[in-house]
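Single-structure report; data block below.
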Amino acid sequence: MQEDYERKLQDQKDLFKQLGIKLDALSIHEKEFPIKMRGYEKEDVDRLLDEVIVDYERFYDIITDLLDKYKEIQRRQAYFEEEKRQWSAQRAKLENTNVVDRQVVDEGIRALERSLEHFRLNIRKEFEV
């Protein structure tokens, strides 16, 4: 349990450092103030700092959750971009295939027309005789 808490604090320090935040929960907790005659009550300061620590930990949890969601969105976007790229490539391939098929069909039609013309000519020759 202690290891998890220490790891979480270290992760929090690293993240806050990246974000330019100077204080983390542990540094707030460990902060000591000098005692003076007409200063604040130590218990009041400790209670306030405990509330600040709770807020810092809540902020950290929210930030890490948002970063995880952001990374997931980026991962999904990359996946959809790849799917889109593959779909476009497949579509282009099919379009090229369709062009080839049209050429084959056109050539087949011309060949049939030539065959029909030869057939007509042969029939005419047979009946002319």
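Note on naming: chains are A, B, ... as they come in the structure tokens, residues start from 1 per chain, ligands start from 1 in the order shown.
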
Query raised in the report: Which residues come within 12 Å of Leu9 of chain A, counting only C-alpha atoms, excluding same-chain residues fewer than 6 positions away, as number ranges by chain?
Result: A: 2-3, 15-16, 23-29, 53, 56-57, 60-61

Selection from above, C-alpha atoms, as a CSV table (one decimal), in the first residue's frame, can you write it?
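Output below, filename out-v7.csv:
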```csv
chain,number,residue,atom,x,y,z
A,2,GLN,CA,2.8,2.4,0.9
A,3,GLU,CA,4.6,1.6,-2.4
A,15,LEU,CA,3.1,15.4,-14.0
A,16,PHE,CA,3.0,18.6,-12.0
A,23,LEU,CA,3.5,22.3,-5.2
A,24,ASP,CA,2.4,18.7,-4.8
A,25,ALA,CA,0.6,16.9,-2.0
A,26,LEU,CA,3.7,15.7,-0.2
A,27,SER,CA,5.5,19.0,-0.3
A,28,ILE,CA,2.4,20.7,1.1
A,29,HIS,CA,2.1,18.0,3.8
A,53,ILE,CA,-3.8,18.2,-0.1
A,56,TYR,CA,-4.4,18.5,-5.0
A,57,GLU,CA,-5.0,14.8,-5.1
A,60,TYR,CA,-4.2,15.0,-10.0
A,61,ASP,CA,-6.8,12.3,-10.4
```

**Report entry** Pick from A:Arg120, A:Arg102, A:Arg110, A:Arg58, whichever lies nearest to Gln12 of chain A using only C-alpha atoms
**Finding:** A:Arg58

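The coordinates place atom CA of Ile21 of chain A at 11.5 Å from atom CA of Phe59 of chain A.
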
Requested in this report: Report the distance between atom CA of Asp11 of chain A and atom CA of Asp68 of chain A in Å, rounded to one decimal place.
Outcome: 13.7 Å

Members of segment 6-70 of chain A assigned helix (DSSP H, G or I) by DSSP, as a PDB file with C-alpha atoms, in the first residue's frame:
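Listed below is the output, selection-v2.pdb:
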```pdb
ATOM      1  CA  GLU A   6       4.757   6.616  -3.035  1.00  0.00           C
ATOM      2  CA  ARG A   7       4.454   5.726  -6.730  1.00  0.00           C
ATOM      3  CA  LYS A   8       1.331   7.876  -7.014  1.00  0.00           C
ATOM      4  CA  LEU A   9       3.123  10.786  -5.339  1.00  0.00           C
ATOM      5  CA  GLN A  10       6.091  10.393  -7.690  1.00  0.00           C
ATOM      6  CA  ASP A  11       3.766  10.265 -10.701  1.00  0.00           C
ATOM      7  CA  GLN A  12       2.022  13.353  -9.357  1.00  0.00           C
ATOM      8  CA  LYS A  13       5.346  15.192  -8.938  1.00  0.00           C
ATOM      9  CA  ASP A  14       6.387  14.260 -12.483  1.00  0.00           C
ATOM     10  CA  LEU A  15       3.087  15.377 -13.981  1.00  0.00           C
ATOM     11  CA  PHE A  16       2.991  18.623 -12.004  1.00  0.00           C
ATOM     12  CA  LYS A  17       6.572  19.343 -13.052  1.00  0.00           C
ATOM     13  CA  GLN A  18       5.538  18.899 -16.698  1.00  0.00           C
ATOM     14  CA  LEU A  19       2.604  21.248 -16.161  1.00  0.00           C
ATOM     15  CA  ALA A  25       0.560  16.923  -2.012  1.00  0.00           C
ATOM     16  CA  LEU A  26       3.691  15.673  -0.243  1.00  0.00           C
ATOM     17  CA  SER A  27       5.493  19.030  -0.286  1.00  0.00           C
ATOM     18  CA  ILE A  28       2.373  20.700   1.148  1.00  0.00           C
ATOM     19  CA  HIS A  29       2.088  18.008   3.807  1.00  0.00           C
ATOM     20  CA  GLU A  30       5.749  18.337   4.812  1.00  0.00           C
ATOM     21  CA  LYS A  42      -0.955  25.216  14.190  1.00  0.00           C
ATOM     22  CA  GLU A  43      -4.056  23.002  14.140  1.00  0.00           C
ATOM     23  CA  ASP A  44      -5.937  25.472  11.923  1.00  0.00           C
ATOM     24  CA  VAL A  45      -3.052  25.643   9.472  1.00  0.00           C
ATOM     25  CA  ASP A  46      -2.760  21.844   9.460  1.00  0.00           C
ATOM     26  CA  ARG A  47      -6.484  21.458   8.774  1.00  0.00           C
ATOM     27  CA  LEU A  48      -6.313  23.926   5.881  1.00  0.00           C
ATOM     28  CA  LEU A  49      -3.258  22.207   4.452  1.00  0.00           C
ATOM     29  CA  ASP A  50      -5.006  18.838   4.725  1.00  0.00           C
ATOM     30  CA  GLU A  51      -7.904  20.250   2.683  1.00  0.00           C
ATOM     31  CA  VAL A  52      -5.467  21.643   0.118  1.00  0.00           C
ATOM     32  CA  ILE A  53      -3.774  18.231  -0.092  1.00  0.00           C
ATOM     33  CA  VAL A  54      -7.119  16.532  -0.723  1.00  0.00           C
ATOM     34  CA  ASP A  55      -7.853  19.046  -3.478  1.00  0.00           C
ATOM     35  CA  TYR A  56      -4.419  18.524  -5.022  1.00  0.00           C
ATOM     36  CA  GLU A  57      -4.957  14.786  -5.064  1.00  0.00           C
ATOM     37  CA  ARG A  58      -8.407  15.291  -6.617  1.00  0.00           C
ATOM     38  CA  PHE A  59      -6.879  17.616  -9.249  1.00  0.00           C
ATOM     39  CA  TYR A  60      -4.219  15.026  -9.969  1.00  0.00           C
ATOM     40  CA  ASP A  61      -6.837  12.300 -10.392  1.00  0.00           C
ATOM     41  CA  ILE A  62      -8.884  14.506 -12.721  1.00  0.00           C
ATOM     42  CA  ILE A  63      -5.841  15.497 -14.768  1.00  0.00           C
ATOM     43  CA  THR A  64      -4.614  11.922 -15.142  1.00  0.00           C
ATOM     44  CA  ASP A  65      -8.124  10.778 -16.077  1.00  0.00           C
ATOM     45  CA  LEU A  66      -8.369  13.506 -18.713  1.00  0.00           C
ATOM     46  CA  LEU A  67      -4.917  12.639 -20.058  1.00  0.00           C
ATOM     47  CA  ASP A  68      -5.909   8.966 -20.283  1.00  0.00           C
ATOM     48  CA  LYS A  69      -9.076   9.919 -22.167  1.00  0.00           C
ATOM     49  CA  TYR A  70      -7.057  12.191 -24.462  1.00  0.00           C
TER      50      TYR A  70
END
```

Query raised in the report: How many Å separate atom CA of Ala89 of chain A from atom CA of Arg75 of chain A?
Result: 21.1 Å
